[in-house]
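Novice: File name protein36.pdb; file contents PDB, C-alpha atoms, pLDDT in the B column; full text below.
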ATOM      1  CA  MET A   1      49.322 130.343  78.757  1.00 47.00           C
ATOM      2  CA  THR A   2      49.561 127.841  75.935  1.00 44.00           C
ATOM      3  CA  ASP A   3      53.329 127.560  76.454  1.00 45.00           C
ATOM      4  CA  ASP A   4      52.841 127.055  80.198  1.00 46.00           C
ATOM      5  CA  ARG A   5      50.301 124.278  79.596  1.00 45.00           C
ATOM      6  CA  ALA A   6      52.627 122.662  77.083  1.00 45.00           C
ATOM      7  CA  THR A   7      55.499 122.826  79.546  1.00 44.00           C
ATOM      8  CA  GLN A   8      53.353 121.363  82.295  1.00 45.00           C
ATOM      9  CA  GLY A   9      52.198 118.607  79.944  1.00 46.00           C
ATOM     10  CA  THR A  10      55.764 117.798  79.008  1.00 47.00           C
ATOM     11  CA  GLY A  11      56.741 117.650  82.695  1.00 48.00           C
ATOM     12  CA  ARG A  12      53.857 115.291  83.436  1.00 53.00           C
ATOM     13  CA  ASP A  13      54.887 113.083  80.505  1.00 51.00           C
ATOM     14  CA  GLU A  14      58.465 112.910  81.781  1.00 52.00           C
ATOM     15  CA  ARG A  15      57.250 112.062  85.289  1.00 54.00           C
ATOM     16  CA  ASP A  16      54.961 109.384  83.869  1.00 55.00           C
ATOM     17  CA  ALA A  17      57.859 107.953  81.865  1.00 49.00           C
ATOM     18  CA  ASP A  18      60.066 107.941  84.972  1.00 52.00           C
ATOM     19  CA  ASP A  19      57.340 106.219  86.992  1.00 54.00           C
ATOM     20  CA  ALA A  20      56.906 103.618  84.284  1.00 50.00           C
ATOM     21  CA  ARG A  21      60.655 103.026  84.106  1.00 52.00           C
ATOM     22  CA  ASP A  22      60.855 102.675  87.902  1.00 51.00           C
ATOM     23  CA  ALA A  23      58.014 100.153  87.827  1.00 50.00           C
ATOM     24  CA  VAL A  24      59.765  98.120  85.138  1.00 44.00           C
ATOM     25  CA  CYS A  25      63.060  98.239  87.033  1.00 49.00           C
ATOM     26  CA  GLY A  26      61.308  97.095  90.179  1.00 48.00           C
ATOM     27  CA  GLU A  27      59.910  94.043  88.376  1.00 47.00           C
ATOM     28  CA  ALA A  28      62.988  93.272  86.257  1.00 44.00           C
ATOM     29  CA  PRO A  29      66.078  94.928  87.740  1.00 44.00           C
ATOM     30  CA  VAL A  30      68.477  92.815  85.660  1.00 42.00           C
ATOM     31  CA  ALA A  31      66.934  93.941  82.403  1.00 46.00           C
ATOM     32  CA  CYS A  32      66.961  97.530  83.611  1.00 49.00           C
ATOM     33  CA  ASP A  33      70.651  97.247  84.540  1.00 48.00           C
ATOM     34  CA  ASP A  34      71.447  95.738  81.157  1.00 49.00           C
ATOM     35  CA  ALA A  35      69.675  98.612  79.448  1.00 50.00           C
ATOM     36  CA  ALA A  36      71.603 101.102  81.554  1.00 48.00           C
ATOM     37  CA  ASP A  37      74.871  99.360  80.668  1.00 51.00           C
ATOM     38  CA  ALA A  38      73.942  99.488  77.008  1.00 50.00           C
ATOM     39  CA  ARG A  39      73.223 103.220  77.241  1.00 53.00           C
ATOM     40  CA  GLY A  40      76.552 103.656  79.015  1.00 50.00           C
ATOM     41  CA  ARG A  41      78.355 101.797  76.248  1.00 50.00           C
ATOM     42  CA  ASP A  42      76.661 103.967  73.654  1.00 51.00           C
ATOM     43  CA  ASP A  43      77.967 107.035  75.458  1.00 51.00           C
ATOM     44  CA  GLU A  44      81.520 105.677  75.528  1.00 51.00           C
ATOM     45  CA  GLY A  45      84.052 106.687  72.952  1.00 60.00           C
ATOM     46  CA  PRO A  46      86.058 104.244  70.793  1.00 64.00           C
ATOM     47  CA  LYS A  47      88.964 104.275  73.247  1.00 60.00           C
ATOM     48  CA  ASP A  48      86.685 103.462  76.188  1.00 65.00           C
ATOM     49  CA  ARG A  49      85.105 100.634  74.203  1.00 65.00           C
ATOM     50  CA  ARG A  50      88.517  99.139  73.460  1.00 64.00           C
ATOM     51  CA  ARG A  51      89.467  99.344  77.128  1.00 66.00           C
ATOM     52  CA  GLY A  52      86.222  97.663  78.132  1.00 63.00           C
ATOM     53  CA  ALA A  53      86.784  94.912  75.588  1.00 63.00           C
ATOM     54  CA  MET A  54      90.311  94.341  76.876  1.00 64.00           C
ATOM     55  CA  ARG A  55      89.039  94.141  80.447  1.00 68.00           C
ATOM     56  CA  ARG A  56      86.433  91.563  79.450  1.00 69.00           C
ATOM     57  CA  VAL A  57      88.998  89.488  77.566  1.00 63.00           C
ATOM     58  CA  THR A  58      91.426  89.656  80.482  1.00 63.00           C
ATOM     59  CA  ALA A  59      88.699  88.675  82.934  1.00 65.00           C
ATOM     60  CA  SER A  60      87.724  85.665  80.828  1.00 69.00           C
ATOM     61  CA  THR A  61      91.320  84.392  80.579  1.00 73.00           C
ATOM     62  CA  ARG A  62      91.364  83.713  84.305  1.00 72.00           C
ATOM     63  CA  PHE A  63      89.601  80.434  83.535  1.00 77.00           C
ATOM     64  CA  ILE A  64      92.917  79.172  82.153  1.00 83.00           C
ATOM     65  CA  ALA A  65      93.741  78.422  85.799  1.00 83.00           C
ATOM     66  CA  ILE A  66      91.185  75.591  85.625  1.00 87.00           C
ATOM     67  CA  VAL A  67      93.631  73.525  83.519  1.00 90.00           C
ATOM     68  CA  PRO A  68      96.449  73.281  86.115  1.00 90.00           C
ATOM     69  CA  ALA A  69      93.848  73.023  88.891  1.00 90.00           C
ATOM     70  CA  ILE A  70      92.365  69.926  87.245  1.00 93.00           C
ATOM     71  CA  GLY A  71      95.867  68.519  86.788  1.00 94.00           C
ATOM     72  CA  PHE A  72      96.698  69.082  90.460  1.00 92.00           C
ATOM     73  CA  MET A  73      93.398  67.526  91.532  1.00 93.00           C
ATOM     74  CA  ILE A  74      93.888  64.417  89.375  1.00 96.00           C
ATOM     75  CA  SER A  75      97.475  64.056  90.628  1.00 94.00           C
ATOM     76  CA  ALA A  76      96.327  64.348  94.245  1.00 94.00           C
ATOM     77  CA  VAL A  77      93.590  61.738  93.828  1.00 96.00           C
ATOM     78  CA  VAL A  78      95.787  59.266  91.924  1.00 96.00           C
ATOM     79  CA  LEU A  79      98.648  59.625  94.400  1.00 94.00           C
ATOM     80  CA  ALA A  80      96.387  59.300  97.448  1.00 95.00           C
ATOM     81  CA  VAL A  81      94.612  56.218  96.075  1.00 96.00           C
ATOM     82  CA  SER A  82      97.904  54.591  95.061  1.00 96.00           C
ATOM     83  CA  VAL A  83      99.402  55.142  98.507  1.00 95.00           C
ATOM     84  CA  LEU A  84      96.226  53.830 100.120  1.00 96.00           C
ATOM     85  CA  VAL A  85      96.532  50.620  98.085  1.00 96.00           C
ATOM     86  CA  HIS A  86     100.130  50.204  99.289  1.00 95.00           C
ATOM     87  CA  VAL A  87      99.022  50.810 102.882  1.00 94.00           C
ATOM     88  CA  VAL A  88      96.431  48.037 102.587  1.00 95.00           C
ATOM     89  CA  MET A  89      98.928  45.662 100.975  1.00 94.00           C
ATOM     90  CA  SER A  90     101.549  46.348 103.671  1.00 92.00           C
ATOM     91  CA  SER A  91      98.945  45.721 106.374  1.00 92.00           C
ATOM     92  CA  ILE A  92      98.048  42.411 104.751  1.00 93.00           C
ATOM     93  CA  GLU A  93     101.734  41.453 104.661  1.00 91.00           C
ATOM     94  CA  LEU A  94     101.947  42.145 108.385  1.00 90.00           C
ATOM     95  CA  ALA A  95      98.938  39.944 109.027  1.00 89.00           C
ATOM     96  CA  GLU A  96     100.537  37.153 106.969  1.00 89.00           C
ATOM     97  CA  GLY A  97     103.820  37.498 108.856  1.00 84.00           C
ATOM     98  CA  ALA A  98     105.817  38.614 105.823  1.00 84.00           C
ATOM     99  CA  ILE A  99     107.066  41.753 107.604  1.00 85.00           C
ATOM    100  CA  ASP A 100     107.390  42.765 111.227  1.00 86.00           C
ATOM    101  CA  VAL A 101     105.908  45.771 113.009  1.00 87.00           C
ATOM    102  CA  THR A 102     109.117  47.823 112.766  1.00 85.00           C
ATOM    103  CA  GLU A 103     109.266  47.474 108.993  1.00 86.00           C
ATOM    104  CA  LEU A 104     105.585  48.337 108.761  1.00 88.00           C
ATOM    105  CA  ALA A 105     106.118  51.451 110.889  1.00 88.00           C
ATOM    106  CA  ILE A 106     108.905  52.590 108.557  1.00 86.00           C
ATOM    107  CA  GLU A 107     106.685  52.057 105.528  1.00 89.00           C
ATOM    108  CA  TYR A 108     103.836  53.924 107.197  1.00 91.00           C
ATOM    109  CA  VAL A 109     106.083  56.932 107.781  1.00 89.00           C
ATOM    110  CA  GLU A 110     107.065  56.918 104.103  1.00 88.00           C
ATOM    111  CA  TYR A 111     103.405  56.630 103.125  1.00 92.00           C
ATOM    112  CA  ALA A 112     102.606  59.578 105.390  1.00 91.00           C
ATOM    113  CA  ASP A 113     105.102  61.671 103.436  1.00 88.00           C
ATOM    114  CA  LEU A 114     103.406  60.721 100.163  1.00 91.00           C
ATOM    115  CA  PHE A 115      99.968  61.448 101.616  1.00 92.00           C
ATOM    116  CA  LEU A 116     101.205  64.903 102.579  1.00 89.00           C
ATOM    117  CA  LEU A 117     102.395  65.432  99.012  1.00 90.00           C
ATOM    118  CA  ALA A 118      98.882  64.555  97.836  1.00 92.00           C
ATOM    119  CA  VAL A 119      97.548  67.153 100.276  1.00 90.00           C
ATOM    120  CA  VAL A 120      99.918  69.754  98.807  1.00 88.00           C
ATOM    121  CA  LEU A 121      98.614  69.037  95.305  1.00 90.00           C
ATOM    122  CA  TYR A 122      95.033  69.246  96.576  1.00 90.00           C
ATOM    123  CA  ILE A 123      95.698  72.599  98.261  1.00 88.00           C
ATOM    124  CA  LEU A 124      97.205  73.918  95.017  1.00 87.00           C
ATOM    125  CA  ALA A 125      94.090  72.875  93.116  1.00 89.00           C
ATOM    126  CA  LEU A 126      91.749  74.503  95.636  1.00 87.00           C
ATOM    127  CA  GLY A 127      93.867  77.652  95.764  1.00 86.00           C
ATOM    128  CA  LEU A 128      93.870  78.173  92.007  1.00 86.00           C
ATOM    129  CA  ILE A 129      90.112  77.632  91.763  1.00 86.00           C
ATOM    130  CA  SER A 130      89.410  79.947  94.722  1.00 83.00           C
ATOM    131  CA  LEU A 131      91.681  82.723  93.470  1.00 82.00           C
ATOM    132  CA  PHE A 132      90.837  82.656  89.766  1.00 80.00           C
ATOM    133  CA  VAL A 133      87.480  80.980  89.199  1.00 80.00           C
ATOM    134  CA  THR A 134      85.113  81.185  92.158  1.00 78.00           C
ATOM    135  CA  GLU A 135      85.210  81.806  95.886  1.00 74.00           C
ATOM    136  CA  ARG A 136      82.079  79.723  96.540  1.00 76.00           C
ATOM    137  CA  ILE A 137      83.943  76.596  97.614  1.00 76.00           C
ATOM    138  CA  PRO A 138      82.848  75.106 100.953  1.00 78.00           C
ATOM    139  CA  VAL A 139      86.171  74.865 102.787  1.00 73.00           C
ATOM    140  CA  PRO A 140      87.139  75.355 106.444  1.00 74.00           C
ATOM    141  CA  SER A 141      88.049  78.870 107.483  1.00 75.00           C
ATOM    142  CA  TRP A 142      91.736  77.947 107.895  1.00 70.00           C
ATOM    143  CA  LEU A 143      91.799  76.763 104.266  1.00 73.00           C
ATOM    144  CA  SER A 144      90.238  79.873 102.718  1.00 75.00           C
ATOM    145  CA  PHE A 145      92.303  81.841 100.212  1.00 75.00           C
ATOM    146  CA  ASP A 146      92.135  85.599  99.809  1.00 76.00           C
ATOM    147  CA  ASP A 147      95.325  86.003  97.785  1.00 78.00           C
ATOM    148  CA  PHE A 148      98.487  84.197  96.701  1.00 79.00           C
ATOM    149  CA  ASP A 149     100.097  84.838 100.075  1.00 81.00           C
ATOM    150  CA  ASP A 150      97.460  82.675 101.761  1.00 80.00           C
ATOM    151  CA  LEU A 151      98.180  79.891  99.293  1.00 83.00           C
ATOM    152  CA  LYS A 152     101.933  80.129  99.865  1.00 83.00           C
ATOM    153  CA  GLU A 153     101.448  80.094 103.634  1.00 83.00           C
ATOM    154  CA  ARG A 154      99.406  76.866 103.507  1.00 82.00           C
ATOM    155  CA  LEU A 155     101.965  75.237 101.223  1.00 86.00           C
ATOM    156  CA  VAL A 156     104.905  76.215 103.430  1.00 88.00           C
ATOM    157  CA  SER A 157     103.200  74.677 106.461  1.00 86.00           C
ATOM    158  CA  VAL A 158     102.647  71.338 104.709  1.00 87.00           C
ATOM    159  CA  ILE A 159     106.149  71.322 103.173  1.00 89.00           C
ATOM    160  CA  ASN A 160     107.705  71.821 106.617  1.00 89.00           C
ATOM    161  CA  VAL A 161     105.789  68.812 107.915  1.00 89.00           C
ATOM    162  CA  MET A 162     106.849  66.795 104.861  1.00 89.00           C
ATOM    163  CA  LEU A 163     110.516  67.544 105.515  1.00 90.00           C
ATOM    164  CA  GLY A 164     110.176  66.465 109.134  1.00 89.00           C
ATOM    165  CA  VAL A 165     108.429  63.244 108.164  1.00 88.00           C
ATOM    166  CA  TYR A 166     111.043  62.533 105.477  1.00 88.00           C
ATOM    167  CA  PHE A 167     113.862  62.936 107.989  1.00 89.00           C
ATOM    168  CA  LEU A 168     112.059  60.679 110.460  1.00 87.00           C
ATOM    169  CA  GLY A 169     111.705  58.026 107.777  1.00 85.00           C
ATOM    170  CA  ARG A 170     115.419  58.086 107.057  1.00 85.00           C
ATOM    171  CA  VAL A 171     116.192  57.740 110.763  1.00 86.00           C
ATOM    172  CA  LEU A 172     113.819  54.783 111.123  1.00 83.00           C
ATOM    173  CA  ASN A 173     115.433  53.179 108.067  1.00 81.00           C
ATOM    174  CA  GLY A 174     118.653  53.010 110.036  1.00 77.00           C
ATOM    175  CA  ALA A 175     120.550  55.907 108.499  1.00 77.00           C
ATOM    176  CA  SER A 176     123.325  57.160 110.739  1.00 77.00           C
ATOM    177  CA  GLY A 177     126.659  58.907 110.714  1.00 80.00           C
ATOM    178  CA  PRO A 178     127.562  62.121 108.896  1.00 84.00           C
ATOM    179  CA  ASP A 179     124.983  61.563 106.147  1.00 84.00           C
ATOM    180  CA  ILE A 180     121.995  61.684 108.478  1.00 87.00           C
ATOM    181  CA  MET A 181     123.563  64.603 110.334  1.00 89.00           C
ATOM    182  CA  TRP A 182     123.929  66.640 107.160  1.00 91.00           C
ATOM    183  CA  LEU A 183     120.432  65.631 106.046  1.00 90.00           C
ATOM    184  CA  GLY A 184     118.970  66.766 109.354  1.00 90.00           C
ATOM    185  CA  LEU A 185     120.875  70.033 109.166  1.00 93.00           C
ATOM    186  CA  ALA A 186     119.698  70.654 105.614  1.00 92.00           C
ATOM    187  CA  CYS A 187     116.072  69.938 106.534  1.00 92.00           C
ATOM    188  CA  ALA A 188     116.337  72.242 109.554  1.00 93.00           C
ATOM    189  CA  ILE A 189     117.788  75.068 107.464  1.00 94.00           C
ATOM    190  CA  VAL A 190     115.031  74.758 104.875  1.00 93.00           C
ATOM    191  CA  ILE A 191     112.310  74.663 107.548  1.00 92.00           C
ATOM    192  CA  VAL A 192     113.733  77.729 109.301  1.00 93.00           C
ATOM    193  CA  ALA A 193     114.094  79.586 105.994  1.00 92.00           C
ATOM    194  CA  LEU A 194     110.506  78.825 104.968  1.00 90.00           C
ATOM    195  CA  THR A 195     109.188  79.809 108.395  1.00 89.00           C
ATOM    196  CA  LEU A 196     111.061  83.119 108.279  1.00 90.00           C
ATOM    197  CA  PHE A 197     109.752  83.662 104.757  1.00 87.00           C
ATOM    198  CA  VAL A 198     106.179  83.317 105.995  1.00 85.00           C
ATOM    199  CA  ARG A 199     106.653  85.541 109.039  1.00 84.00           C
ATOM    200  CA  ILE A 200     108.747  88.290 107.449  1.00 85.00           C
ATOM    201  CA  VAL A 201     107.717  88.401 103.811  1.00 77.00           C
ATOM    202  CA  ILE A 202     104.083  87.246 103.842  1.00 74.00           C
ATOM    203  CA  LYS A 203     102.759  88.256 107.274  1.00 71.00           C
ATOM    204  CA  GLY A 204     105.103  91.230 107.500  1.00 68.00           C
ATOM    205  CA  GLY A 205     103.869  92.502 104.146  1.00 60.00           C
ATOM    206  CA  HIS A 206     100.265  92.222 105.314  1.00 58.00           C
ATOM    207  CA  ASP A 207     101.036  94.189 108.476  1.00 58.00           C
ATOM    208  CA  HIS A 208     102.448  97.059 106.381  1.00 56.00           C
TER
END
Would you mind giving the structure from this file in structure tokens?
Specialist:
Amino acid sequence: MTDDRATQGTGRDERDADDARDAVCGEAPVACDDAADARGRDDEGPKDRRRGAMRRVTASTRFIAIVPAIGFMISAVVLAVSVLVHVVMSSIELAEGAIDVTELAIEYVEYADLFLLAVVLYILALGLISLFVTERIPVPSWLSFDDFDDLKERLVSVINVMLGVYFLGRVLNGASGPDIMWLGLACAIVIVALTLFVRIVIKGGHDH
């Protein structure tokens, strides 16, 4: 009888301890999780601890991607602002009669190419931050990045437009003859190759 009462008392004590622990976890779940993690680490062997440490170190090194992302962002801003200044100056020259509309149109096409390059740098910055640092960046759905393939697909699209704009600028500048023909052929080959790369390698890989 004494042993039975002792066993029952021990069971009640364990239930009371469980109830108390549940109450604490309900009020402070983070602290409870931390305690559970600590108990789990205590149960791990030396090899498991080393693996956990390596995983934590590897996870923290992803912030290295912030360095090139900042560089891309600064480059995009500086390039965009510089081109904007040239756009304003060219517009003022048109108003003063220093250049005609045709010359201004040619310059605008060249500026459009540089603006697109700034967009490419900006997309690279956003992609690195989204993939390595945080996904909580308010961007449109078409600009969201789930992996490197999404980043490459966005870049290929902008690069194709840049090549088309560059070729248009050369045509408006008066280029003609075999040189412009070979330039157009080269741009077309690159655009087709990049498009096939996106459809076969990137999208085809996702389908499989």
Novice: Pick out the closest residue to Arg62 (chain A) from this set: A:Leu131, A:Val83, A:Ser157, A:Leu104. Count only C-alpha atoms.
Specialist: A:Leu131
Novice: Just checking: using only C-alpha atoms, which residue out of A:Met162, A:Arg136, A:Trp182, A:Gly127 ends up closest to Ile70 (chain A)?
Specialist: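 The closest residue to Ile70 (chain A) is A:Gly127.
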Novice: Assuming the chain letters and numbering stay as they are in my file, what does the PyMOL selection byres ((chain A and resi 187-193) around 12) actually select? List them as an MDAnalysis selection string.
Specialist: chainID A and resid 156:168 170 180:186 194:201
Novice: Suppose you want the space between CA of Asp147 (chain A) and CA of Ile66 (chain A); what is it in Å?
Specialist: 16.5 Å
Novice: Rounded to one decimal in Å, what is the spacing between CA of Ala69 (chain A) and CA of Leu124 (chain A)?
Specialist: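 According to the coordinates, CA of Ala69 (chain A) and CA of Leu124 (chain A) are separated by 7.0 Å.
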Novice: Could you tell me, as a list in words, exactly which residues end up selected when the PyMOL selection byres ((chain A and resi 125) around 10) is applied to this structure?
Specialist: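 Against this file, the PyMOL selection byres ((chain A and resi 125) around 10) returns the residues Ala65, Ile66, Val67, Pro68, Ala69, Ile70, Gly71, Phe72, Met73, Ile74, Ser75, Ala76, Val119, Val120, Leu121, Tyr122, Ile123, Leu124, Leu126, Gly127, Leu128, Ile129 and Ser130 of chain A.
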Novice: What does the distance from CA of Tyr111 (chain A) to CA of Ser141 (chain A) come to in Å, to one decimal?
Specialist: 27.4 Å
Novice: For the structure provided, state which residues fall under the PyMOL selection byres ((chain A and resi 106) around 10), and present them as a tab-separated table (two decimals) with C-alpha atoms, in the coordinates of the input.
Specialist:
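For reference, selection37.tsv as written:
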chain	number	residue	atom	x	y	z
A	101	VAL	CA	105.91	45.77	113.01
A	102	THR	CA	109.12	47.82	112.77
A	103	GLU	CA	109.27	47.47	108.99
A	104	LEU	CA	105.58	48.34	108.76
A	105	ALA	CA	106.12	51.45	110.89
A	107	GLU	CA	106.68	52.06	105.53
A	108	TYR	CA	103.84	53.92	107.20
A	109	VAL	CA	106.08	56.93	107.78
A	110	GLU	CA	107.06	56.92	104.10
A	111	TYR	CA	103.40	56.63	103.12
A	112	ALA	CA	102.61	59.58	105.39
A	168	LEU	CA	112.06	60.68	110.46
A	169	GLY	CA	111.70	58.03	107.78
A	170	ARG	CA	115.42	58.09	107.06
A	171	VAL	CA	116.19	57.74	110.76
A	172	LEU	CA	113.82	54.78	111.12
A	173	ASN	CA	115.43	53.18	108.07
A	174	GLY	CA	118.65	53.01	110.04
Novice: Padding 5 Å on every side, please: axis-aligned box over the listed atoms of region 104-121 of chain A, centre and edge lengths to one decimal in Å, as lines of an AutoDock Vina configuration file.
Specialist:
center_x = 103.2
center_y = 59.0
center_z = 103.1
size_x = 21.4
size_y = 31.4
size_z = 25.6
Novice: Could you tell me which of A:Thr61, A:Thr134, A:Ser82, A:Ser91 comes closest to Asp146 (chain A) if we count only C-alpha atoms?
Specialist: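 Using only C-alpha atoms, the shortest distance to Asp146 (chain A) belongs to A:Thr134.
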